>>> print(open('data-v5.txt').read())   # compact mmCIF, C-alpha atoms and all ligand atoms
# COMPACT_ATOMS: atom_id res chain seq x y z
CA MET A 1 -3.01 37.70 -24.17
CA ALA A 2 -6.70 38.17 -23.24
CA GLY A 3 -9.06 37.06 -26.00
CA LYS A 4 -6.46 34.93 -27.78
CA ILE A 5 -7.77 31.54 -26.71
CA LYS A 6 -9.83 29.81 -29.42
CA THR A 7 -9.51 26.13 -28.58
CA ILE A 8 -9.25 24.55 -25.14
CA GLY A 9 -7.96 21.04 -24.51
CA VAL A 10 -9.12 19.03 -21.50
CA LEU A 11 -7.70 15.85 -19.97
CA THR A 12 -7.93 13.77 -16.80
CA SER A 13 -4.75 12.30 -15.31
CA GLY A 14 -3.63 10.14 -12.37
CA GLY A 15 -6.17 8.23 -10.24
CA ASP A 16 -9.77 8.80 -11.34
CA ALA A 17 -12.28 10.42 -8.99
CA PRO A 18 -16.09 10.70 -8.99
CA GLY A 19 -16.98 14.17 -10.27
CA MET A 20 -14.29 14.33 -12.97
CA ASN A 21 -17.07 13.98 -15.57
CA ALA A 22 -18.91 16.96 -14.12
CA ALA A 23 -15.69 19.00 -14.45
CA ILE A 24 -15.20 17.87 -18.09
CA ARG A 25 -18.83 18.76 -18.82
CA ALA A 26 -18.40 22.21 -17.30
CA VAL A 27 -15.25 22.90 -19.33
CA VAL A 28 -16.98 21.83 -22.57
CA ARG A 29 -20.25 23.70 -21.96
CA VAL A 30 -18.76 26.92 -20.54
CA ALA A 31 -16.18 27.08 -23.34
CA ALA A 32 -18.88 26.51 -25.97
CA HIS A 33 -21.04 29.17 -24.33
CA SER A 34 -18.11 31.58 -24.80
CA GLY A 35 -17.72 30.61 -28.47
CA LEU A 36 -14.63 28.42 -27.96
CA ASP A 37 -13.88 24.97 -29.33
CA VAL A 38 -12.95 22.10 -27.01
CA VAL A 39 -10.72 19.12 -27.73
CA GLY A 40 -11.03 16.15 -25.35
CA ILE A 41 -7.71 14.36 -24.84
CA LYS A 42 -7.93 10.66 -23.97
CA ARG A 43 -5.82 8.89 -21.32
CA GLY A 44 -4.12 11.89 -19.72
CA TYR A 45 -0.70 12.99 -20.94
CA SER A 46 -0.34 9.71 -22.80
CA GLY A 47 -3.17 10.76 -25.17
CA LEU A 48 -1.63 14.20 -25.61
CA ILE A 49 1.64 12.82 -26.96
CA LYS A 50 -0.10 10.10 -29.00
CA ALA A 51 -2.67 12.54 -30.40
CA GLU A 52 -5.66 10.62 -29.03
CA MET A 53 -7.98 13.58 -29.27
CA LYS A 54 -11.48 14.43 -30.40
CA LYS A 55 -13.51 17.59 -30.71
CA MET A 56 -16.18 17.81 -28.02
CA LYS A 57 -19.49 19.55 -28.53
CA PRO A 58 -21.95 20.39 -25.72
CA HIS A 59 -24.13 17.35 -26.55
CA ASP A 60 -21.08 15.04 -26.21
CA VAL A 61 -21.18 15.64 -22.46
CA SER A 62 -24.89 15.00 -22.02
CA ASN A 63 -25.90 12.42 -19.43
CA ILE A 64 -22.45 12.08 -17.83
CA LEU A 65 -22.99 14.13 -14.65
CA GLN A 66 -24.14 11.10 -12.69
CA ARG A 67 -21.39 8.77 -13.89
CA GLY A 68 -18.30 7.96 -11.81
CA GLY A 69 -14.86 7.59 -13.42
CA THR A 70 -13.91 9.74 -16.40
CA ILE A 71 -15.28 9.53 -19.94
CA LEU A 72 -11.86 10.66 -21.21
CA GLN A 73 -10.14 7.78 -19.38
CA THR A 74 -7.05 8.43 -17.34
CA ALA A 75 -3.51 7.13 -17.32
CA ARG A 76 -0.20 7.29 -15.58
CA CYS A 77 2.29 8.33 -18.28
CA LEU A 78 5.74 7.91 -16.74
CA GLU A 79 7.67 9.12 -19.79
CA PHE A 80 6.02 12.51 -19.38
CA LYS A 81 8.67 13.29 -16.77
CA ARG A 82 11.22 13.63 -19.62
CA ASP A 83 11.84 17.08 -21.12
CA ASP A 84 11.70 15.82 -24.72
CA VAL A 85 8.27 14.27 -24.07
CA ILE A 86 6.97 17.52 -22.57
CA GLU A 87 8.17 19.29 -25.77
CA LYS A 88 6.29 16.68 -27.80
CA GLY A 89 3.15 17.44 -25.80
CA VAL A 90 3.44 21.14 -26.64
CA GLU A 91 3.99 20.30 -30.32
CA MET A 92 0.94 18.03 -30.42
CA ALA A 93 -1.18 20.74 -28.83
CA LYS A 94 -0.02 23.15 -31.57
CA ILE A 95 -0.90 20.66 -34.32
CA PHE A 96 -4.45 20.41 -32.92
CA ASN A 97 -4.66 24.21 -32.44
CA ILE A 98 -5.02 23.80 -28.68
CA ASP A 99 -4.00 27.10 -27.14
CA GLY A 100 -5.02 26.43 -23.54
CA LEU A 101 -5.19 23.17 -21.57
CA VAL A 102 -7.25 22.17 -18.52
CA VAL A 103 -5.71 19.30 -16.52
CA ILE A 104 -7.90 17.53 -13.96
CA GLY A 105 -5.87 15.38 -11.54
CA GLY A 106 -3.66 15.29 -8.48
CA ASP A 107 -0.31 16.83 -7.61
CA GLY A 108 1.67 14.59 -10.01
CA SER A 109 -0.55 15.79 -12.86
CA PHE A 110 -0.03 19.39 -11.70
CA ARG A 111 3.75 18.96 -12.07
CA GLY A 112 3.21 17.92 -15.68
CA ALA A 113 0.88 20.92 -16.20
CA GLU A 114 3.49 23.31 -14.83
CA ARG A 115 6.18 21.95 -17.13
CA LEU A 116 3.88 22.13 -20.17
CA CYS A 117 3.19 25.75 -19.32
CA LYS A 118 6.90 26.56 -19.05
CA ALA A 119 7.41 24.87 -22.42
CA GLY A 120 4.82 27.15 -24.03
CA LEU A 121 1.34 25.67 -23.54
CA PRO A 122 -0.88 27.70 -21.15
CA THR A 123 -2.36 25.33 -18.58
CA ILE A 124 -4.83 25.44 -15.71
CA ALA A 125 -5.04 22.60 -13.17
CA ILE A 126 -8.13 21.38 -11.30
CA PRO A 127 -7.77 19.19 -8.17
CA GLY A 128 -9.46 15.84 -8.77
CA THR A 129 -8.50 13.07 -6.34
CA ILE A 130 -10.36 11.08 -3.70
CA ASP A 131 -7.47 11.60 -1.28
CA ASN A 132 -8.13 15.33 -0.61
CA ASP A 133 -4.37 15.73 -0.36
CA ILE A 134 -3.74 18.87 -2.42
CA GLY A 135 -2.07 21.33 -0.03
CA CYS A 136 -3.39 24.53 -1.57
CA SER A 137 -7.03 23.41 -1.76
CA GLU A 138 -9.42 22.71 1.09
CA TYR A 139 -11.28 20.34 -1.21
CA THR A 140 -10.54 17.97 -4.10
CA ILE A 141 -13.19 16.61 -6.48
CA GLY A 142 -14.21 13.07 -5.49
CA TYR A 143 -13.54 13.28 -1.77
CA ASP A 144 -17.14 13.58 -0.60
CA THR A 145 -18.39 10.73 -2.80
CA CYS A 146 -15.53 8.51 -1.66
CA LEU A 147 -16.21 9.31 2.01
CA ASN A 148 -19.82 8.28 1.58
CA THR A 149 -18.90 5.08 -0.28
CA ILE A 150 -16.54 4.10 2.54
CA LYS A 151 -19.14 5.09 5.14
CA SER A 152 -21.68 2.67 3.62
CA ALA A 153 -19.10 -0.14 3.47
CA VAL A 154 -17.97 0.39 7.06
CA ASP A 155 -21.59 0.57 8.28
CA ASN A 156 -22.22 -2.80 6.60
CA ILE A 157 -19.09 -4.32 8.11
CA LYS A 158 -20.16 -2.97 11.53
CA ASP A 159 -23.41 -4.95 11.34
CA THR A 160 -21.66 -8.27 10.89
CA THR A 161 -18.87 -7.33 13.32
CA GLU A 162 -21.52 -6.60 15.95
CA SER A 163 -23.42 -9.84 15.28
CA HIS A 164 -20.29 -11.98 15.59
CA GLU A 165 -18.77 -9.91 18.41
CA ARG A 166 -15.54 -9.52 16.49
CA CYS A 167 -12.89 -6.94 15.75
CA SER A 168 -12.78 -5.69 12.14
CA VAL A 169 -9.63 -4.13 10.76
CA ILE A 170 -10.53 -2.17 7.63
CA GLU A 171 -8.10 -0.68 5.12
CA VAL A 172 -9.22 2.41 3.22
CA MET A 173 -7.39 4.28 0.44
CA GLY A 174 -4.75 6.91 1.09
CA ARG A 175 -1.19 5.89 0.27
CA THR A 176 0.29 9.03 1.79
CA ALA A 177 -2.75 10.80 3.24
CA GLY A 178 -5.06 9.91 6.12
CA TYR A 179 -7.99 12.28 5.46
CA LEU A 180 -10.34 9.53 4.30
CA ALA A 181 -9.50 7.29 7.28
CA LEU A 182 -9.83 10.13 9.78
CA ASP A 183 -13.14 11.55 8.55
CA VAL A 184 -14.80 8.17 8.02
CA GLY A 185 -13.36 7.01 11.35
CA ILE A 186 -15.25 9.81 13.09
CA ALA A 187 -18.38 9.35 10.97
CA CYS A 188 -18.55 5.60 11.62
CA GLY A 189 -17.35 5.54 15.21
CA ALA A 190 -14.06 3.67 14.77
CA ASP A 191 -12.32 2.57 17.96
CA VAL A 192 -8.88 3.08 16.43
CA ILE A 193 -7.76 5.17 13.43
CA LEU A 194 -4.28 4.75 11.94
CA VAL A 195 -2.93 7.20 9.34
CA PRO A 196 0.44 7.44 7.59
CA GLU A 197 1.11 10.96 8.92
CA ILE A 198 1.10 9.97 12.61
CA LYS A 199 3.42 7.46 14.33
CA TRP A 200 1.65 4.70 16.22
CA SER A 201 2.52 1.63 18.25
CA PHE A 202 0.57 -1.62 18.52
CA GLU A 203 0.52 -1.63 22.32
CA GLU A 204 -0.35 2.01 22.90
CA ASP A 205 -2.68 2.81 20.02
CA ILE A 206 -4.40 -0.52 19.28
CA LEU A 207 -4.14 -2.90 22.21
CA LYS A 208 -4.67 -0.40 25.01
CA PRO A 209 -7.96 1.14 23.78
CA ILE A 210 -9.37 -2.27 22.77
CA MET A 211 -8.51 -3.88 26.11
CA HIS A 212 -9.92 -0.87 27.97
CA SER A 213 -13.25 -1.08 26.14
CA LYS A 214 -13.29 -4.86 26.46
CA ALA A 215 -12.87 -4.53 30.23
CA ASN A 216 -15.92 -2.24 30.18
CA GLY A 217 -17.98 -4.92 28.45
CA GLU A 218 -17.61 -3.90 24.79
CA LYS A 219 -17.65 -6.80 22.37
CA ARG A 220 -17.15 -5.38 18.87
CA PHE A 221 -14.37 -3.20 17.60
CA ILE A 222 -13.54 -1.28 14.43
CA VAL A 223 -9.95 -0.42 13.53
CA LEU A 224 -9.72 1.86 10.48
CA VAL A 225 -6.37 1.89 8.70
CA ALA A 226 -5.19 4.08 5.81
CA GLU A 227 -3.55 2.20 2.93
CA GLY A 228 -0.20 3.92 3.58
CA VAL A 229 -0.05 2.25 7.01
CA GLY A 230 -0.80 -1.19 5.50
CA GLY A 231 -0.43 -4.60 7.10
CA VAL A 232 -4.11 -5.09 8.02
CA ILE A 233 -4.08 -8.89 7.66
CA GLU A 234 -1.17 -9.29 10.09
CA MET A 235 -2.71 -6.64 12.33
CA ALA A 236 -5.99 -8.56 12.61
CA LYS A 237 -4.08 -11.78 13.45
CA LYS A 238 -2.05 -10.01 16.12
CA ILE A 239 -5.17 -8.42 17.66
CA GLU A 240 -6.83 -11.85 17.85
CA GLU A 241 -3.70 -13.37 19.42
CA LYS A 242 -3.23 -10.67 22.03
CA THR A 243 -6.87 -9.96 22.95
CA GLY A 244 -8.63 -13.25 22.32
CA ILE A 245 -11.21 -11.35 20.23
CA GLU A 246 -11.91 -13.03 16.89
CA SER A 247 -10.69 -10.60 14.23
CA ARG A 248 -11.10 -10.12 10.47
CA ALA A 249 -9.36 -7.88 7.96
CA THR A 250 -11.10 -6.18 5.01
CA ILE A 251 -9.30 -4.24 2.28
CA LEU A 252 -11.90 -2.05 0.59
CA GLY A 253 -9.78 -1.35 -2.52
CA HIS A 254 -11.09 0.18 -5.73
CA VAL A 255 -14.74 0.04 -4.75
CA GLN A 256 -13.88 3.36 -3.08
CA ARG A 257 -12.88 5.12 -6.28
CA GLY A 258 -16.01 4.48 -8.33
CA GLY A 259 -19.67 5.32 -8.03
CA SER A 260 -22.06 8.11 -8.89
CA PRO A 261 -20.72 11.45 -7.61
CA SER A 262 -22.45 13.20 -4.71
CA VAL A 263 -24.20 16.55 -5.14
CA ARG A 264 -21.23 18.28 -3.48
CA ASP A 265 -18.79 16.76 -5.97
CA ARG A 266 -20.98 17.57 -8.97
CA VAL A 267 -21.45 21.19 -7.90
CA ILE A 268 -17.81 21.87 -6.95
CA ALA A 269 -16.57 20.15 -10.12
CA SER A 270 -18.94 22.32 -12.19
CA GLU A 271 -17.73 25.47 -10.43
CA MET A 272 -14.07 24.55 -10.84
CA GLY A 273 -14.49 23.65 -14.53
CA ASN A 274 -16.21 27.00 -15.13
CA TYR A 275 -13.49 28.87 -13.23
CA ALA A 276 -10.70 27.16 -15.21
CA VAL A 277 -12.22 28.22 -18.55
CA GLU A 278 -12.71 31.76 -17.28
CA LEU A 279 -9.04 31.92 -16.26
CA LEU A 280 -7.90 30.85 -19.73
CA ILE A 281 -10.25 33.36 -21.39
CA ALA A 282 -8.81 36.07 -19.14
CA GLY A 283 -5.33 35.19 -20.41
CA LYS A 284 -4.21 33.51 -17.18
CA GLN A 285 -2.03 30.40 -17.16
CA ASN A 286 0.01 28.20 -14.83
CA ARG A 287 -2.71 28.33 -12.14
CA ILE A 288 -4.34 25.75 -9.88
CA VAL A 289 -8.06 26.24 -9.30
CA CYS A 290 -8.52 25.69 -5.59
CA MET A 291 -10.85 26.17 -2.64
CA LYS A 292 -9.91 28.60 0.12
CA ASN A 293 -12.24 29.58 2.95
CA GLY A 294 -15.02 27.82 1.07
CA GLN A 295 -14.55 29.97 -2.06
CA ILE A 296 -13.20 28.91 -5.45
CA THR A 297 -10.00 30.83 -6.21
CA ASP A 298 -6.63 30.20 -7.91
CA ILE A 299 -2.92 30.05 -7.15
CA ASP A 300 0.32 29.76 -9.13
CA ILE A 301 1.04 26.03 -9.74
CA LYS A 302 4.53 26.05 -8.20
CA GLU A 303 3.35 28.02 -5.16
CA GLY A 304 0.31 25.77 -4.80
CA LEU A 305 2.42 22.60 -4.95
CA ALA A 306 4.64 23.98 -2.19
CA VAL A 307 1.72 24.41 0.23
CA LYS A 308 1.66 21.55 2.73
CA LYS A 309 -1.62 20.30 4.13
CA THR A 310 -1.49 18.90 7.62
CA LEU A 311 -3.98 16.46 9.05
CA PRO A 312 -6.08 18.34 11.65
CA THR A 313 -4.64 16.98 14.90
CA GLU A 314 -7.60 18.31 16.89
CA ARG A 315 -9.87 16.04 14.83
CA MET A 316 -7.59 13.09 15.60
CA THR A 317 -7.84 13.97 19.31
CA LEU A 318 -11.62 14.17 18.96
CA ALA A 319 -11.68 10.73 17.31
CA LYS A 320 -9.79 9.29 20.29
CA LYS A 321 -12.22 10.88 22.78
CA LEU A 322 -15.23 9.61 20.82
CA GLY A 323 -13.73 6.11 20.66
CA TYR A 324 -13.38 5.99 24.45
CA ARG A 325 -15.76 3.31 25.75
P1 LIG A 401 -1.85 12.28 -9.43
O1 LIG A 401 -1.95 13.31 -10.49
O2 LIG A 401 -3.17 11.71 -9.04
O3 LIG A 401 -0.99 12.74 -8.27
P2 LIG A 401 0.39 10.70 -10.39
O4 LIG A 401 1.35 11.18 -9.35
O5 LIG A 401 0.41 9.26 -10.76
O6 LIG A 401 -1.12 11.01 -10.05
O7 LIG A 401 0.69 11.58 -11.69
C1 LIG A 401 -0.12 11.45 -12.84
C2 LIG A 401 0.71 11.70 -14.07
O8 LIG A 401 1.22 13.03 -14.06
C3 LIG A 401 1.95 10.83 -14.22
O9 LIG A 401 1.68 9.55 -14.70
C4 LIG A 401 2.74 11.64 -15.23
O10 LIG A 401 2.18 11.48 -16.51
C5 LIG A 401 2.45 13.06 -14.75
N1 LIG A 401 3.52 13.55 -13.87
C6 LIG A 401 3.72 13.24 -12.57
N2 LIG A 401 4.83 13.85 -12.10
C7 LIG A 401 5.35 14.55 -13.13
C8 LIG A 401 6.51 15.37 -13.31
N3 LIG A 401 7.35 15.62 -12.31
N4 LIG A 401 6.70 15.93 -14.53
C9 LIG A 401 5.84 15.69 -15.54
N5 LIG A 401 4.76 14.93 -15.45
C10 LIG A 401 4.51 14.36 -14.27
O1 LIG A 402 -6.55 8.13 -6.28
C1 LIG A 402 -5.66 8.15 -5.20
C2 LIG A 402 -5.39 6.74 -4.77
O2 LIG A 402 -6.63 6.17 -4.61
C3 LIG A 402 -4.58 6.52 -3.52
O3 LIG A 402 -5.26 6.67 -2.31
C4 LIG A 402 -4.11 5.13 -3.72
O4 LIG A 402 -2.95 4.90 -3.00
C5 LIG A 402 -3.84 5.09 -5.20
O5 LIG A 402 -4.71 6.04 -5.77
C6 LIG A 402 -4.03 3.75 -5.80
O6 LIG A 402 -4.13 3.87 -7.18
P1 LIG A 402 -3.98 2.67 -8.21
O7 LIG A 402 -4.55 1.46 -7.58
O8 LIG A 402 -4.76 3.14 -9.39
O9 LIG A 402 -2.52 2.57 -8.49
>>> encode(input="data-v5.txt", output="structure tokens")
Amino acid sequence: MAGKIKTIGVLTSGGDAPGMNAAIRAVVRVAAHSGLDVVGIKRGYSGLIKAEMKKMKPHDVSNILQRGGTILQTARCLEFKRDDVIEKGVEMAKIFNIDGLVVIGGDGSFRGAERLCKAGLPTIAIPGTIDNDIGCSEYTIGYDTCLNTIKSAVDNIKDTTESHERCSVIEVMGRTAGYLALDVGIACGADVILVPEIKWSFEEDILKPIMHSKANGEKRFIVLVAEGVGGVIEMAKKIEEKTGIESRATILGHVQRGGSPSVRDRVIASEMGNYAVELLIAGKQNRIVCMKNGQITDIDIKEGLAVKKTLPTERMTLAKKLGYR
């Protein structure tokens, strides 16, 4: 198998994340450096089956390192869950002489990559999602940038919350994962952090700490809520009703997914893109490039998808201690 790869395809799939462009750039440049051709596939798996592809030369990825989003665009291609559509993807890759594919995305995209591999197209997956919710990898491209974007927004909201002596209930992204809420909650000194992974009650986890701090003279409060918990508008109303503290809800939304990637995201994305190309050149396939103990390594896609990541409960406990006022 080693030495057989001549052309590598690259695509981004699922939710975009800052740093995806750095990963694309690394795949294109490292492959070219090794004498390989690269085909960029637009709009994730949708572009693969519709043949929306173009050859990419090293200069095509100039000046993209600092740009958020993905120059290849991304898409959610629901029909890709069908076996006949997976077969079509493999056929299309053959027509364009693609003999190895790099998929940058989240766990849904990895499932597609695994099925493509089984159907005959060697694939390597790179974790790119702001949620940092890939079980087998300590880090996913985009997480650091997103944390810092949320940090700036929450710091701004804190200023006005403080001036008006209010309570701000802020929703951050994370439909099923609370990493963003937890880490920003600690970084910005939230009074309450709610995540989808941990059960909570209004009385115990919201009312009690707010009333305790209020009794000690505190006048402004930040409640940070992951998207998967939801209901921030009703929550703010209920807090105002029960505590008498004027409350406002803010849903940060897609502002969190854009923006120029941080140094950490650019560097890790470059390392992961390089590693993915090296795996394909070495004849490897069906692997997820991941971070373990701070090092870039790889794992079988199925095995990697089976690894569960659990929210560090000790950090949640720390957040509660730090929010004690
Ligand atoms: P993410 O990759 O960020 O987790 P999604 O879960 O939306 O995002 O998945 C992105 C895309 O990956 C889907 O739109 C679909 O094209 C593909 N995909 C997801 N699950 C599967 C699956 N079980 N089989 C094949 N393709 C899948
Ligand atoms: O990229 C991951 C994520 O941001 C989740 O946290 C969020 O639930 C989801 O994507 C929202 O994606 P969209 O608005 O594109 O459907």
>>> residues_near_ligand(input="data-v5.txt", ligand="ligand LIG 401 (chain A)", cutoff="6 Å", atoms="all atoms listed in the file", output="PyMOL selection string")
chain A and resi 13-15+45+76-78+80-81+105-109+111-112
>>> residues_near_ligand(input="data-v5.txt", ligand="ligand LIG 402 (chain A)", cutoff="6 Å", atoms="only C-alpha atoms and all ligand atoms", output="number ranges by chain")
A: 15, 129-131, 173-175
>>> closest_residue(input="data-v5.txt", among="A:Leu36, A:Val27, A:Ile49, A:Ile98", to="Asp84 (chain A)", atoms="only C-alpha atoms")
A:Ile49
>>> closest_residue(input="data-v5.txt", among="A:Val169, A:Val103, A:Ala181, A:Ile95", to="Glu234 (chain A)", atoms="all atoms listed in the file")
A:Val169
>>> closest_residue(input="data-v5.txt", among="A:Leu207, A:Ile170, A:Val277, A:Ile41", to="Leu224 (chain A)", atoms="all atoms listed in the file")
A:Ile170
>>> atom_distance(input="data-v5.txt", atom1="CA of Lys158 (chain A)", atom2="CA of Pro209 (chain A)")
17.8 Å
>>> axis_aligned_box(input="data-v5.txt", around="region 79-82 of chain A", padding_each_side="8 Å", output="lines of an AutoDock Vina configuration file")
center_x = 8.6
center_y = 11.4
center_z = -18.3
size_x = 21.2
size_y = 20.5
size_z = 19.0
>>> atom_distance(input="data-v5.txt", atom1="CA of Lys284 (chain A)", atom2="CA of Glu114 (chain A)")
13.0 Å
>>> residues_around(input="data-v5.txt", residues="region 244-256 of chain A", least_positions_apart="6", cutoff="7 Å", atoms="all atoms listed in the file", output="ChimeraX atom specification")
/A:146,149-150,166-173,232-233,236-237
>>> atom_distance(input="data-v5.txt", atom1="CA of Ala51 (chain A)", atom2="CA of Arg257 (chain A)")
27.2 Å
>>> residues_around(input="data-v5.txt", residues="Glu87 (chain A)", least_positions_apart="5", cutoff="12 Å", atoms="only C-alpha atoms", output="ChimeraX atom specification")
/A:45,48-49,79-82,92-94,112,115-121
>>> write_last_selection(input="data-v5.txt", atoms="C-alpha atoms", output="tab-separated table (two decimals), keeping the file's coordinate frame")
chain	number	residue	atom	x	y	z
A	45	TYR	CA	-0.70	12.99	-20.94
A	48	LEU	CA	-1.63	14.20	-25.61
A	49	ILE	CA	1.64	12.82	-26.96
A	79	GLU	CA	7.67	9.12	-19.79
A	80	PHE	CA	6.02	12.51	-19.38
A	81	LYS	CA	8.67	13.29	-16.77
A	82	ARG	CA	11.22	13.63	-19.62
A	92	MET	CA	0.94	18.03	-30.42
A	93	ALA	CA	-1.18	20.74	-28.83
A	94	LYS	CA	-0.02	23.15	-31.57
A	112	GLY	CA	3.21	17.92	-15.68
A	115	ARG	CA	6.18	21.95	-17.13
A	116	LEU	CA	3.88	22.13	-20.17
A	117	CYS	CA	3.19	25.75	-19.32
A	118	LYS	CA	6.90	26.56	-19.05
A	119	ALA	CA	7.41	24.87	-22.42
A	120	GLY	CA	4.82	27.15	-24.03
A	121	LEU	CA	1.34	25.67	-23.54
>>> closest_residue(input="data-v5.txt", among="A:Asp16, A:Asp191, A:Asp265, A:Glu303", to="Ala319 (chain A)", atoms="all atoms listed in the file")
A:Asp191
>>> residues_around(input="data-v5.txt", residues="region 134-143 of chain A", least_positions_apart="6", cutoff="8 Å", atoms="only C-alpha atoms", output="JSON, numbers by chain")
{"A": [17, 18, 19, 20, 106, 107, 127, 128, 180, 261, 265, 268, 269, 290, 291, 292, 293, 294, 299, 304, 305, 306, 307, 308, 309]}
>>> write_last_selection(input="data-v5.txt", atoms="C-alpha atoms", output="mmCIF file, keeping the file's coordinate frame")
data_model
loop_
_atom_site.group_PDB
_atom_site.id
_atom_site.type_symbol
_atom_site.label_atom_id
_atom_site.label_comp_id
_atom_site.auth_asym_id
_atom_site.auth_seq_id
_atom_site.Cartn_x
_atom_site.Cartn_y
_atom_site.Cartn_z
ATOM 1 C CA ALA A 17 -12.280 10.420 -8.990
ATOM 2 C CA PRO A 18 -16.090 10.700 -8.990
ATOM 3 C CA GLY A 19 -16.980 14.170 -10.270
ATOM 4 C CA MET A 20 -14.290 14.330 -12.970
ATOM 5 C CA GLY A 106 -3.660 15.290 -8.480
ATOM 6 C CA ASP A 107 -0.310 16.830 -7.610
ATOM 7 C CA PRO A 127 -7.770 19.190 -8.170
ATOM 8 C CA GLY A 128 -9.460 15.840 -8.770
ATOM 9 C CA LEU A 180 -10.340 9.530 4.300
ATOM 10 C CA PRO A 261 -20.720 11.450 -7.610
ATOM 11 C CA ASP A 265 -18.790 16.760 -5.970
ATOM 12 C CA ILE A 268 -17.810 21.870 -6.950
ATOM 13 C CA ALA A 269 -16.570 20.150 -10.120
ATOM 14 C CA CYS A 290 -8.520 25.690 -5.590
ATOM 15 C CA MET A 291 -10.850 26.170 -2.640
ATOM 16 C CA LYS A 292 -9.910 28.600 0.120
ATOM 17 C CA ASN A 293 -12.240 29.580 2.950
ATOM 18 C CA GLY A 294 -15.020 27.820 1.070
ATOM 19 C CA ILE A 299 -2.920 30.050 -7.150
ATOM 20 C CA GLY A 304 0.310 25.770 -4.800
ATOM 21 C CA LEU A 305 2.420 22.600 -4.950
ATOM 22 C CA ALA A 306 4.640 23.980 -2.190
ATOM 23 C CA VAL A 307 1.720 24.410 0.230
ATOM 24 C CA LYS A 308 1.660 21.550 2.730
ATOM 25 C CA LYS A 309 -1.620 20.300 4.130
#
>>> residues_around(input="data-v5.txt", residues="region 195-203 of chain A", least_positions_apart="3", cutoff="9 Å", atoms="only C-alpha atoms", output="PyMOL selection string")
chain A and resi 174-179+181-182+206-208+224-230+235+239+310-311
>>> closest_residue(input="data-v5.txt", among="A:Lys57, A:Lys4, A:Arg315, A:Arg266", to="His33 (chain A)", atoms="only C-alpha atoms")
A:Lys57
>>> closest_residue(input="data-v5.txt", among="A:Ala31, A:Gly100, A:Thr145, A:Arg67", to="Asn286 (chain A)", atoms="only C-alpha atoms")
A:Gly100
